[in-house]
$ cat run_9.csv   # CSV, C-alpha atoms
chain,number,residue,atom,x,y,z
Y,1,MET,CA,103.2,32.3,91.6
Y,2,ASP,CA,106.3,30.5,90.6
Y,3,LEU,CA,106.3,26.7,90.0
Y,4,ASN,CA,108.9,24.1,89.4
Y,5,ILE,CA,108.6,20.9,87.4
Y,6,ILE,CA,109.1,18.0,89.8
Y,7,GLU,CA,109.7,14.3,89.2
Y,8,LYS,CA,108.2,11.7,91.5
Y,9,THR,CA,108.5,7.9,91.6
Y,10,MET,CA,105.2,6.3,92.4
Y,11,ARG,CA,105.4,4.1,95.5
Y,12,VAL,CA,102.0,2.5,95.5
Y,13,GLY,CA,99.1,1.7,93.1
Y,14,PRO,CA,99.1,0.4,89.5
Y,15,LYS,CA,101.9,2.9,88.5
Y,16,LYS,CA,104.2,1.7,91.3
Y,17,GLY,CA,107.9,2.3,90.4
Y,18,GLN,CA,107.0,4.5,87.4
Y,19,LYS,CA,108.4,8.1,87.2
Y,20,MET,CA,105.7,10.8,87.0
Y,21,TYR,CA,106.0,14.5,86.5
Y,22,GLY,CA,104.1,17.4,88.0
Y,23,LEU,CA,104.3,21.0,89.3
Y,24,ALA,CA,105.0,22.3,92.7
Y,25,ARG,CA,105.1,25.7,94.3
Y,26,VAL,CA,108.6,27.2,94.6
Y,27,SER,CA,109.2,27.4,98.2
Y,28,THR,CA,109.9,30.9,99.5
Y,29,PRO,CA,110.3,32.1,103.1
Y,30,ASN,CA,107.1,32.9,105.0
Y,31,VAL,CA,106.2,36.6,105.3
Y,32,HIS,CA,106.0,37.3,109.0
Y,33,SER,CA,103.2,39.5,110.4
Y,34,ARG,CA,105.9,41.7,111.9
Y,35,THR,CA,107.0,42.6,108.4
Y,36,ILE,CA,103.5,43.6,107.4
Y,37,ALA,CA,103.1,45.6,110.6
Y,38,GLU,CA,106.2,47.6,109.6
Y,39,GLN,CA,104.8,48.2,106.2
Y,40,VAL,CA,101.5,49.3,107.6
Y,41,SER,CA,103.2,51.6,110.1
Y,42,LYS,CA,105.2,53.3,107.3
Y,43,ALA,CA,102.0,54.1,105.4
Y,44,SER,CA,100.4,55.6,108.5
Y,45,THR,CA,101.1,58.2,111.1
Y,46,PHE,CA,101.5,55.6,113.8
Y,47,SER,CA,104.8,54.4,115.2
Y,48,GLU,CA,105.8,50.8,114.5
Y,49,ALA,CA,105.3,49.9,118.2
Y,50,ASP,CA,101.8,51.4,118.3
Y,51,THR,CA,100.8,49.7,115.0
Y,52,ARG,CA,102.1,46.3,116.3
Y,53,HIS,CA,100.2,46.9,119.6
Y,54,ILE,CA,96.9,47.5,117.7
Y,55,ILE,CA,97.5,44.5,115.5
Y,56,LYS,CA,98.3,42.3,118.5
Y,57,GLU,CA,95.1,43.4,120.3
Y,58,PHE,CA,93.1,42.7,117.1
Y,59,LEU,CA,94.5,39.2,116.8
Y,60,ASP,CA,93.8,38.6,120.5
Y,61,VAL,CA,90.2,39.8,120.1
Y,62,VAL,CA,89.7,37.6,117.0
Y,63,THR,CA,91.2,34.4,118.6
Y,64,ASP,CA,89.1,35.0,121.7
Y,65,TYR,CA,86.0,35.3,119.7
Y,66,VAL,CA,86.8,32.0,117.9
Y,67,ALA,CA,87.5,30.2,121.2
Y,68,ASP,CA,84.2,31.6,122.6
Y,69,GLY,CA,82.3,29.8,119.8
Y,70,TYR,CA,81.7,32.7,117.4
Y,71,VAL,CA,82.0,32.8,113.6
Y,72,VAL,CA,84.4,35.7,113.1
Y,73,ASP,CA,84.5,37.8,110.0
Y,74,MET,CA,88.1,38.8,109.0
Y,75,GLY,CA,87.1,41.3,106.2
Y,76,GLU,CA,88.9,40.6,102.9
Y,77,LEU,CA,90.3,37.3,104.2
Y,78,GLY,CA,87.1,35.4,105.1
Y,79,THR,CA,85.8,33.8,108.3
Y,80,LEU,CA,87.2,31.7,111.1
Y,81,ARG,CA,85.2,29.4,113.3
Y,82,PRO,CA,85.7,26.7,115.8
Y,83,THR,CA,84.8,23.1,114.9
Y,84,ILE,CA,84.4,19.8,116.7
Y,85,THR,CA,84.9,16.3,115.4
Y,86,ALA,CA,82.7,13.6,117.0
Y,87,LYS,CA,82.0,9.9,116.7
Y,88,SER,CA,78.5,8.9,115.7
Y,89,VAL,CA,76.5,6.8,118.0
Y,90,ASP,CA,73.2,4.8,117.7
Y,91,THR,CA,71.1,6.4,120.4
Y,92,ARG,CA,70.5,9.9,121.8
Y,93,GLN,CA,71.6,8.7,125.3
Y,94,GLU,CA,75.0,7.6,124.0
Y,95,CYS,CA,75.6,11.0,122.5
Y,96,LYS,CA,77.7,12.6,125.2
Y,97,ALA,CA,80.7,15.0,125.5
Y,98,ASP,CA,83.1,12.1,125.4
Y,99,THR,CA,82.1,11.3,121.8
Y,100,ILE,CA,83.8,14.6,120.8
Y,101,THR,CA,87.2,13.5,119.8
Y,102,ASP,CA,88.7,16.8,118.7
Y,103,LYS,CA,88.3,20.6,118.5
Y,104,GLY,CA,89.7,22.6,115.6
Y,105,ILE,CA,89.4,25.8,113.6
Y,106,ARG,CA,87.9,26.2,110.1
Y,107,TYR,CA,88.8,28.9,107.7
Y,108,ILE,CA,86.6,29.8,104.8
Y,109,ALA,CA,88.1,32.3,102.3
Y,110,ARG,CA,85.9,35.2,101.2
Y,111,ASN,CA,84.4,34.6,97.7
Y,112,GLU,CA,86.4,37.5,96.1
Y,113,PHE,CA,89.6,36.3,97.7
Y,114,ALA,CA,89.0,32.7,96.6
Y,115,LYS,CA,88.2,33.9,93.0
Y,116,ASP,CA,91.3,36.1,92.9
Y,117,VAL,CA,93.6,33.3,94.1
Y,118,LYS,CA,92.1,30.9,91.6
Y,119,GLY,CA,92.8,33.3,88.8
Y,120,MET,CA,96.4,34.2,89.8
Y,121,SER,CA,99.0,33.9,87.1
Y,122,LEU,CA,101.4,30.9,87.3
Y,123,HIS,CA,104.9,30.7,85.9
Y,124,ILE,CA,106.9,27.6,85.4
Y,125,LEU,CA,110.5,28.5,86.2
Y,126,ASN,CA,112.1,25.5,84.5
Y,127,PRO,CA,110.0,24.8,81.4
Y,128,LEU,CA,111.3,22.0,79.2
Y,129,LYS,CA,110.2,23.4,75.8
Y,130,GLY,CA,112.7,25.9,74.4
Y,131,SER,CA,115.0,25.6,77.4
Y,132,ASP,CA,118.2,23.8,78.2
Y,133,SER,CA,117.3,23.4,81.8
Y,134,GLU,CA,116.6,19.9,83.1
Y,135,PRO,CA,113.4,19.3,85.1
Y,136,SER,CA,114.2,19.6,88.8
Y,137,THR,CA,113.3,17.2,91.5
Y,138,PRO,CA,112.7,18.0,95.1
Y,139,ASP,CA,115.8,16.0,96.0
Y,140,GLU,CA,118.0,17.9,93.6
Y,141,GLY,CA,116.9,21.2,95.0
Y,142,GLY,CA,115.7,22.5,91.7
Y,143,GLY,CA,119.0,22.4,89.7
Y,144,GLY,CA,119.0,24.5,86.5
Y,145,ASN,CA,116.0,26.7,87.4
Y,146,GLN,CA,116.1,30.4,87.6
Y,147,GLY,CA,114.5,30.6,91.0
Y,148,GLY,CA,117.1,28.6,92.8
Y,149,GLY,CA,116.8,26.7,96.0
Y,150,SER,CA,113.4,25.1,95.2
Y,151,GLN,CA,112.5,22.2,97.3
Y,152,GLY,CA,109.2,21.5,95.6
Y,153,GLY,CA,107.2,22.9,98.5
Y,154,GLY,CA,103.7,22.5,97.0
Y,155,ASP,CA,101.1,19.9,97.8
Y,156,LEU,CA,100.8,17.1,95.3
Y,157,VAL,CA,97.6,15.2,94.6
Y,158,GLY,CA,98.4,12.4,92.3
I,1,MET,CA,92.1,27.5,133.7
I,2,SER,CA,90.3,28.6,130.5
I,3,ASP,CA,86.9,30.3,130.8
I,4,LYS,CA,86.1,29.5,127.2
I,5,ILE,CA,83.1,27.4,126.5
I,6,LEU,CA,82.0,25.7,123.3
I,7,LYS,CA,78.4,24.7,123.1
I,8,TRP,CA,77.3,21.5,121.3
I,9,GLN,CA,74.1,19.6,120.8
I,10,ALA,CA,73.1,16.1,119.8
I,11,GLU,CA,71.9,15.9,116.2
I,12,GLN,CA,70.3,13.0,114.4
I,13,LYS,CA,71.5,12.4,110.9
I,14,LYS,CA,71.6,9.7,108.3
I,15,ILE,CA,75.1,8.2,107.9
I,16,PHE,CA,75.4,5.5,105.1
I,17,GLY,CA,71.6,5.1,105.2
I,18,GLN,CA,71.5,4.5,109.0
I,19,GLU,CA,70.0,6.9,111.6
I,20,LYS,CA,72.8,8.0,113.9
I,21,TRP,CA,73.3,10.6,116.6
I,22,VAL,CA,76.3,12.9,116.5
I,23,ALA,CA,77.5,15.9,118.5
I,24,LYS,CA,77.3,19.2,116.5
I,25,ILE,CA,78.8,22.5,117.5
I,26,CYS,CA,76.4,25.4,118.3
I,27,TYR,CA,77.8,28.7,117.3
I,28,VAL,CA,77.1,31.6,119.7
I,29,GLY,CA,76.6,33.9,116.8
I,30,ASN,CA,78.6,36.0,114.3
I,31,ARG,CA,81.2,38.6,115.1
I,32,SER,CA,81.8,41.2,112.4
I,33,LEU,CA,85.1,42.9,111.6
I,34,GLN,CA,83.6,46.1,112.8
I,35,GLU,CA,82.8,44.6,116.2
I,36,ALA,CA,86.4,43.4,116.5
I,37,ILE,CA,87.7,46.9,115.5
I,38,ASP,CA,85.4,48.6,118.0
I,39,GLU,CA,86.7,46.3,120.8
I,40,VAL,CA,90.3,47.0,119.8
I,41,ALA,CA,89.6,50.8,119.9
I,42,THR,CA,88.5,50.4,123.5
I,43,ARG,CA,91.7,48.7,124.5
I,44,THR,CA,94.0,51.2,122.9
I,45,SER,CA,94.4,55.0,122.9
I,46,ALA,CA,93.8,55.2,119.1
I,47,GLN,CA,90.7,56.5,117.5
I,48,GLN,CA,88.2,53.9,116.2
I,49,SER,CA,88.8,55.2,112.6
I,50,GLU,CA,92.6,54.9,113.0
I,51,VAL,CA,92.3,51.3,114.2
I,52,GLU,CA,90.0,50.6,111.3
I,53,GLY,CA,92.5,52.0,108.8
I,54,ILE,CA,95.4,49.9,110.3
I,55,ILE,CA,93.4,46.7,110.5
I,56,ASN,CA,92.1,47.0,107.0
I,57,ALA,CA,95.6,47.8,105.6
I,58,TYR,CA,97.0,44.8,107.6
I,59,LEU,CA,94.4,42.4,106.2
I,60,HIS,CA,94.8,43.8,102.7
I,61,GLN,CA,98.6,43.2,102.9
I,62,ILE,CA,98.1,39.6,104.0
I,63,LYS,CA,95.8,39.0,101.0
I,64,SER,CA,98.3,40.7,98.6
I,65,TYR,CA,101.1,38.5,99.8
I,66,VAL,CA,99.1,35.3,99.4
I,67,MET,CA,98.1,36.5,95.9
I,68,THR,CA,101.8,36.6,94.9
I,69,GLY,CA,102.3,33.0,96.1
I,70,ARG,CA,103.7,33.7,99.5
I,71,SER,CA,102.7,32.2,102.8
I,72,VAL,CA,101.9,34.7,105.6
I,73,ASN,CA,102.6,33.8,109.2
I,74,VAL,CA,100.2,35.7,111.5
I,75,ASP,CA,101.4,35.7,115.1
I,76,GLY,CA,99.2,33.6,117.4
I,77,MET,CA,96.6,32.9,114.7
I,78,GLY,CA,98.2,30.8,111.9
I,79,THR,CA,99.5,30.8,108.4
I,80,PHE,CA,97.6,31.8,105.3
I,81,TYR,CA,99.0,30.3,102.1
I,82,PRO,CA,98.1,29.5,98.5
I,83,ASN,CA,97.2,25.8,98.3
I,84,LEU,CA,98.0,24.3,94.9
I,85,SER,CA,96.2,21.1,94.0
I,86,THR,CA,98.0,19.3,91.2
I,87,LYS,CA,98.0,16.0,89.3
I,88,LEU,CA,100.9,14.1,87.9
I,89,VAL,CA,101.5,13.2,84.2
I,90,ALA,CA,103.5,10.5,82.6
I,91,THR,CA,106.1,12.5,80.7
I,92,PRO,CA,107.9,15.8,81.3
I,93,GLU,CA,106.7,17.1,77.9
I,94,GLU,CA,103.1,16.9,79.1
I,95,VAL,CA,103.8,19.1,82.1
I,96,SER,CA,102.0,22.4,81.7
I,97,VAL,CA,99.8,24.6,84.0
I,98,GLN,CA,96.7,23.4,82.0
I,99,ASN,CA,97.5,19.7,82.4
I,100,CYS,CA,98.8,19.7,85.9
I,101,VAL,CA,97.1,22.3,88.0
I,102,LYS,CA,93.7,21.3,89.2
I,103,THR,CA,92.9,24.2,91.4
I,104,ILE,CA,94.3,26.9,93.7
I,105,THR,CA,92.6,27.6,97.0
I,106,VAL,CA,93.5,29.7,100.1
I,107,GLY,CA,94.8,27.4,102.8
I,108,PHE,CA,95.0,28.2,106.5
I,109,ARG,CA,97.0,26.3,109.1
I,110,PRO,CA,96.0,27.4,112.6
I,111,ALA,CA,98.8,28.3,115.0
I,112,THR,CA,99.5,26.1,118.1
I,113,LYS,CA,98.4,29.0,120.3
I,114,LEU,CA,95.0,29.3,118.7
I,115,ARG,CA,94.5,25.5,118.6
I,116,GLN,CA,95.3,25.3,122.2
I,117,LYS,CA,93.0,28.2,123.1
I,118,VAL,CA,90.1,26.3,121.4
I,119,ARG,CA,91.1,22.9,122.8
I,120,ASP,CA,91.4,24.3,126.4
I,121,GLY,CA,87.8,25.5,126.3
I,122,LYS,CA,85.1,23.5,128.2
I,123,LEU,CA,82.3,21.7,126.4
I,124,TRP,CA,78.7,22.5,127.4
I,125,GLU,CA,75.7,20.6,126.0
I,126,TYR,CA,72.9,22.7,124.7
I,127,LYS,CA,69.8,20.7,125.2
I,128,GLY,CA,67.1,23.1,124.0
I,129,ALA,CA,66.8,22.1,120.4
I,130,SER,CA,67.4,18.4,121.0
I,131,ASN,CA,64.7,18.3,123.7
I,132,VAL,CA,62.3,19.8,121.2
I,133,HIS,CA,63.4,17.2,118.7
I,134,GLN,CA,62.8,14.4,121.2
I,135,GLN,CA,59.4,15.8,122.1
I,136,THR,CA,58.3,15.9,118.5
I,137,GLU,CA,59.5,12.3,118.0
I,138,GLU,CA,57.4,11.2,121.0
$ encode --input "run_9.csv" --output "structure tokens"
Amino acid sequence: MDLNIIEKTMRVGPKKGQKMYGLARVSTPNVHSRTIAEQVSKASTFSEADTRHIIKEFLDVVTDYVADGYVVDMGELGTLRPTITAKSVDTRQECKADTITDKGIRYIARNEFAKDVKGMSLHILNPLKGSDSEPSTPDEGGGGNQGGGSQGGGDLVG
Amino acid sequence: MSDKILKWQAEQKKIFGQEKWVAKICYVGNRSLQEAIDEVATRTSAQQSEVEGIINAYLHQIKSYVMTGRSVNVDGMGTFYPNLSTKLVATPEEVSVQNCVKTITVGFRPATKLRQKVRDGKLWEYKGASNVHQQTEE
């Protein structure tokens, strides 16, 4: 995975106003499931339309299972399940449906997938040492890096 | 109107040292990938083994793209992406993968369609387990 060096001015806390540096994922366009369907179709005897139909049916089945309250296994990817968020109350009688404030979806990656992702190789595109390139900032759009067009798309936990 | 139902039950738990009651989801059960594949096979003219091959290849491709640092947008389900958790350092010279990257996980952002499907479902209180709990308390 390609990373860019970013510069960030702290807005709160003891380091307020101070410039800090970190890494962010180089932003690349999302891969659409249609592209993957095309690739799968080419490797099979099925037409692209048939492959897309099978995949669409699969996604409908899986999302229906989740909405029905099942924990759904997605093979190599992991599991999907519905969740609820609720307020806590003091007594059993107060614990009613209206204490449920939201419904959501939780994804848990399969162990092997999580391990593989954790071990993936990371490349800094604009390293400072041994390079003439300046560290890029999200605002500068990654000037001087080889990847080009970086907007510092990663999550920063500072 | 959606015919989807999510079951929940009241559960007693300690929150900051105080006994509280909170609604907790009751899962209907587990659905394996094979069950989903079997159901897809009944909906299409393809053989079960052919459906299995296509779905496994599809899931494998999603994983492969995420492993190369790409986000994958799955229609109607959501986006799978590598989620980088980093920390900041004081000088640009200190920036390195070892110093700045805390961990990488697989993230998932559910699609609006899936979120809506789950939100549109009705809620139904499952009283069985909580009644037993109350009885034991009494």
$ closest_atom_pairs --input "run_9.csv" --of "chain Y" --to "chain I" --cutoff "7 Å" --atoms "all atoms listed in the file" --output "tab-separated table"
residue	atom	partner	partner_atom	distance
Y:Met1	CA	I:Gly69	CA	4.6
Y:Met20	CA	I:Ala90	CA	4.9
Y:Tyr21	CA	I:Val89	CA	5.2
Y:Gly22	CA	I:Leu88	CA	4.6
Y:Leu23	CA	I:Cys100	CA	6.6
Y:Thr28	CA	I:Arg70	CA	6.8
Y:Asn30	CA	I:Ser71	CA	5.0
Y:Val31	CA	I:Val72	CA	4.7
Y:His32	CA	I:Asn73	CA	4.9
Y:Ser33	CA	I:Val74	CA	5.0
Y:Ile36	CA	I:Tyr58	CA	6.6
Y:Ala37	CA	I:Tyr58	CA	6.8
Y:Val40	CA	I:Tyr58	CA	6.4
Y:Ile54	CA	I:Val51	CA	6.9
Y:Ile55	CA	I:Ile55	CA	6.8
Y:Glu57	CA	I:Val40	CA	6.0
Y:Phe58	CA	I:Val40	CA	5.8
Y:Leu59	CA	I:Met77	CA	7.0
Y:Val61	CA	I:Ala36	CA	6.4
Y:Val62	CA	I:Ala36	CA	6.7
Y:Thr63	CA	I:Leu114	CA	6.4
Y:Ala67	CA	I:Val118	CA	4.7
Y:Asp68	CA	I:Lys4	CA	5.4
Y:Gly69	CA	I:Tyr27	CA	5.3
Y:Tyr70	CA	I:Val28	CA	5.3
Y:Val71	CA	I:Asn30	CA	4.7
Y:Val72	CA	I:Arg31	CA	4.8
Y:Asp73	CA	I:Ser32	CA	5.0
Y:Met74	CA	I:Leu33	CA	5.7
Y:Gly75	CA	I:Leu33	CA	6.0
Y:Glu76	CA	I:Leu59	CA	6.7
Y:Leu77	CA	I:Lys63	CA	6.6
Y:Thr83	CA	I:Ile25	CA	6.6
Y:Ile84	CA	I:Ile25	CA	6.3
Y:Ala86	CA	I:Ala23	CA	5.9
Y:Lys87	CA	I:Val22	CA	6.4
Y:Ser88	CA	I:Val22	CA	4.6
Y:Val89	CA	I:Trp21	CA	5.2
Y:Asp90	CA	I:Lys20	CA	5.0
Y:Thr91	CA	I:Trp21	CA	6.1
Y:Arg92	CA	I:Trp21	CA	5.9
Y:Cys95	CA	I:Ala10	CA	6.3
Y:Ala97	CA	I:Leu123	CA	6.9
Y:Ile100	CA	I:Ala23	CA	6.8
Y:Lys103	CA	I:Arg119	CA	5.6
Y:Gly104	CA	I:Arg115	CA	6.4
Y:Ile105	CA	I:Pro110	CA	6.9
Y:Tyr107	CA	I:Phe108	CA	6.4
Y:Ala109	CA	I:Val106	CA	6.4
Y:Ala114	CA	I:Thr105	CA	6.3
Y:Val117	CA	I:Met67	CA	5.8
Y:Lys118	CA	I:Ile104	CA	5.0
Y:Met120	CA	I:Met67	CA	6.7
Y:Leu128	CA	I:Glu93	CA	6.8
Y:Gly154	CA	I:Leu84	CA	6.3
Y:Asp155	CA	I:Leu84	CA	6.1
Y:Leu156	CA	I:Thr86	CA	5.4
Y:Val157	CA	I:Thr86	CA	5.3
Y:Gly158	CA	I:Lys87	CA	4.7
$ write_last_selection --input "run_9.csv" --atoms "C-alpha atoms" --output "mmCIF file, keeping the file's coordinate frame"
data_model
loop_
_atom_site.group_PDB
_atom_site.id
_atom_site.type_symbol
_atom_site.label_atom_id
_atom_site.label_comp_id
_atom_site.auth_asym_id
_atom_site.auth_seq_id
_atom_site.Cartn_x
_atom_site.Cartn_y
_atom_site.Cartn_z
ATOM 1 C CA MET Y 1 103.200 32.300 91.600
ATOM 2 C CA MET Y 20 105.700 10.800 87.000
ATOM 3 C CA TYR Y 21 106.000 14.500 86.500
ATOM 4 C CA GLY Y 22 104.100 17.400 88.000
ATOM 5 C CA LEU Y 23 104.300 21.000 89.300
ATOM 6 C CA THR Y 28 109.900 30.900 99.500
ATOM 7 C CA ASN Y 30 107.100 32.900 105.000
ATOM 8 C CA VAL Y 31 106.200 36.600 105.300
ATOM 9 C CA HIS Y 32 106.000 37.300 109.000
ATOM 10 C CA SER Y 33 103.200 39.500 110.400
ATOM 11 C CA ILE Y 36 103.500 43.600 107.400
ATOM 12 C CA ALA Y 37 103.100 45.600 110.600
ATOM 13 C CA VAL Y 40 101.500 49.300 107.600
ATOM 14 C CA ILE Y 54 96.900 47.500 117.700
ATOM 15 C CA ILE Y 55 97.500 44.500 115.500
ATOM 16 C CA GLU Y 57 95.100 43.400 120.300
ATOM 17 C CA PHE Y 58 93.100 42.700 117.100
ATOM 18 C CA LEU Y 59 94.500 39.200 116.800
ATOM 19 C CA VAL Y 61 90.200 39.800 120.100
ATOM 20 C CA VAL Y 62 89.700 37.600 117.000
ATOM 21 C CA THR Y 63 91.200 34.400 118.600
ATOM 22 C CA ALA Y 67 87.500 30.200 121.200
ATOM 23 C CA ASP Y 68 84.200 31.600 122.600
ATOM 24 C CA GLY Y 69 82.300 29.800 119.800
ATOM 25 C CA TYR Y 70 81.700 32.700 117.400
ATOM 26 C CA VAL Y 71 82.000 32.800 113.600
ATOM 27 C CA VAL Y 72 84.400 35.700 113.100
ATOM 28 C CA ASP Y 73 84.500 37.800 110.000
ATOM 29 C CA MET Y 74 88.100 38.800 109.000
ATOM 30 C CA GLY Y 75 87.100 41.300 106.200
ATOM 31 C CA GLU Y 76 88.900 40.600 102.900
ATOM 32 C CA LEU Y 77 90.300 37.300 104.200
ATOM 33 C CA THR Y 83 84.800 23.100 114.900
ATOM 34 C CA ILE Y 84 84.400 19.800 116.700
ATOM 35 C CA ALA Y 86 82.700 13.600 117.000
ATOM 36 C CA LYS Y 87 82.000 9.900 116.700
ATOM 37 C CA SER Y 88 78.500 8.900 115.700
ATOM 38 C CA VAL Y 89 76.500 6.800 118.000
ATOM 39 C CA ASP Y 90 73.200 4.800 117.700
ATOM 40 C CA THR Y 91 71.100 6.400 120.400
ATOM 41 C CA ARG Y 92 70.500 9.900 121.800
ATOM 42 C CA CYS Y 95 75.600 11.000 122.500
ATOM 43 C CA ALA Y 97 80.700 15.000 125.500
ATOM 44 C CA ILE Y 100 83.800 14.600 120.800
ATOM 45 C CA LYS Y 103 88.300 20.600 118.500
ATOM 46 C CA GLY Y 104 89.700 22.600 115.600
ATOM 47 C CA ILE Y 105 89.400 25.800 113.600
ATOM 48 C CA TYR Y 107 88.800 28.900 107.700
ATOM 49 C CA ALA Y 109 88.100 32.300 102.300
ATOM 50 C CA ALA Y 114 89.000 32.700 96.600
ATOM 51 C CA VAL Y 117 93.600 33.300 94.100
ATOM 52 C CA LYS Y 118 92.100 30.900 91.600
ATOM 53 C CA MET Y 120 96.400 34.200 89.800
ATOM 54 C CA LEU Y 128 111.300 22.000 79.200
ATOM 55 C CA GLY Y 154 103.700 22.500 97.000
ATOM 56 C CA ASP Y 155 101.100 19.900 97.800
ATOM 57 C CA LEU Y 156 100.800 17.100 95.300
ATOM 58 C CA VAL Y 157 97.600 15.200 94.600
ATOM 59 C CA GLY Y 158 98.400 12.400 92.300
#
$ closest_residue --input "run_9.csv" --among "Y:Gln18, Y:Pro82, Y:Asn4, Y:Glu38" --to "Asp102 in chain Y" --atoms "all atoms listed in the file"
Y:Pro82
$ atom_distance --input "run_9.csv" --atom1 "CA of Glu48 in chain Y" --atom2 "CA of Arg34 in chain Y"
9.5 Å
$ atom_distance --input "run_9.csv" --atom1 "CA of Ala24 in chain Y" --atom2 "CA of Ile124 in chain Y"
9.2 Å
$ atom_distance --input "run_9.csv" --atom1 "CA of Leu80 in chain Y" --atom2 "CA of Arg106 in chain Y"
5.6 Å
$ axis_aligned_box --input "run_9.csv" --around "range 116-128 of chain I" --padding-each-side "6 Å" --output "lines of an AutoDock Vina configuration file"
center_x = 81.2
center_y = 24.4
center_z = 124.8
size_x = 40.2
size_y = 19.6
size_z = 18.8
$ build_atoms --input "run_9.csv" --residues "range 112-125 of chain I" --atoms "N, CA and C atoms" --output "JSON list (two decimals), keeping the file's coordinate frame"
[["chain", "number", "residue", "atom", "x", "y", "z"],
["I", 112, "THR", "N", 99.61, 26.92, 116.86],
["I", 112, "THR", "CA", 99.50, 26.10, 118.10],
["I", 112, "THR", "C", 98.72, 26.87, 119.15],
["I", 113, "LYS", "N", 99.04, 28.16, 119.27],
["I", 113, "LYS", "CA", 98.40, 29.00, 120.30],
["I", 113, "LYS", "C", 96.90, 29.05, 120.17],
["I", 114, "LEU", "N", 96.45, 29.25, 118.93],
["I", 114, "LEU", "CA", 95.00, 29.30, 118.70],
["I", 114, "LEU", "C", 94.36, 27.95, 118.90],
["I", 115, "ARG", "N", 95.02, 26.91, 118.38],
["I", 115, "ARG", "CA", 94.50, 25.50, 118.60],
["I", 115, "ARG", "C", 94.33, 25.22, 120.04],
["I", 116, "GLN", "N", 95.37, 25.61, 120.82],
["I", 116, "GLN", "CA", 95.30, 25.30, 122.20],
["I", 116, "GLN", "C", 94.22, 26.11, 122.93],
["I", 117, "LYS", "N", 94.05, 27.36, 122.51],
["I", 117, "LYS", "CA", 93.00, 28.20, 123.10],
["I", 117, "LYS", "C", 91.63, 27.54, 122.91],
["I", 118, "VAL", "N", 91.41, 27.00, 121.71],
["I", 118, "VAL", "CA", 90.10, 26.30, 121.40],
["I", 118, "VAL", "C", 90.02, 25.01, 122.16],
["I", 119, "ARG", "N", 91.12, 24.25, 122.18],
["I", 119, "ARG", "CA", 91.10, 22.90, 122.80],
["I", 119, "ARG", "C", 90.93, 23.05, 124.35],
["I", 120, "ASP", "N", 91.48, 24.12, 124.94],
["I", 120, "ASP", "CA", 91.40, 24.30, 126.40],
["I", 120, "ASP", "C", 89.97, 24.64, 126.86],
["I", 121, "GLY", "N", 89.13, 25.09, 125.93],
["I", 121, "GLY", "CA", 87.80, 25.50, 126.30],
["I", 121, "GLY", "C", 86.95, 24.27, 126.76],
["I", 122, "LYS", "N", 86.01, 24.55, 127.67],
["I", 122, "LYS", "CA", 85.10, 23.50, 128.20],
["I", 122, "LYS", "C", 84.03, 23.22, 127.16],
["I", 123, "LEU", "N", 83.41, 22.06, 127.27],
["I", 123, "LEU", "CA", 82.30, 21.70, 126.40],
["I", 123, "LEU", "C", 80.99, 21.78, 127.24],
["I", 124, "TRP", "N", 79.98, 22.34, 126.65],
["I", 124, "TRP", "CA", 78.70, 22.50, 127.40],
["I", 124, "TRP", "C", 77.59, 22.03, 126.42],
["I", 125, "GLU", "N", 76.79, 21.08, 126.89],
["I", 125, "GLU", "CA", 75.70, 20.60, 126.00],
["I", 125, "GLU", "C", 74.51, 21.49, 126.06]]
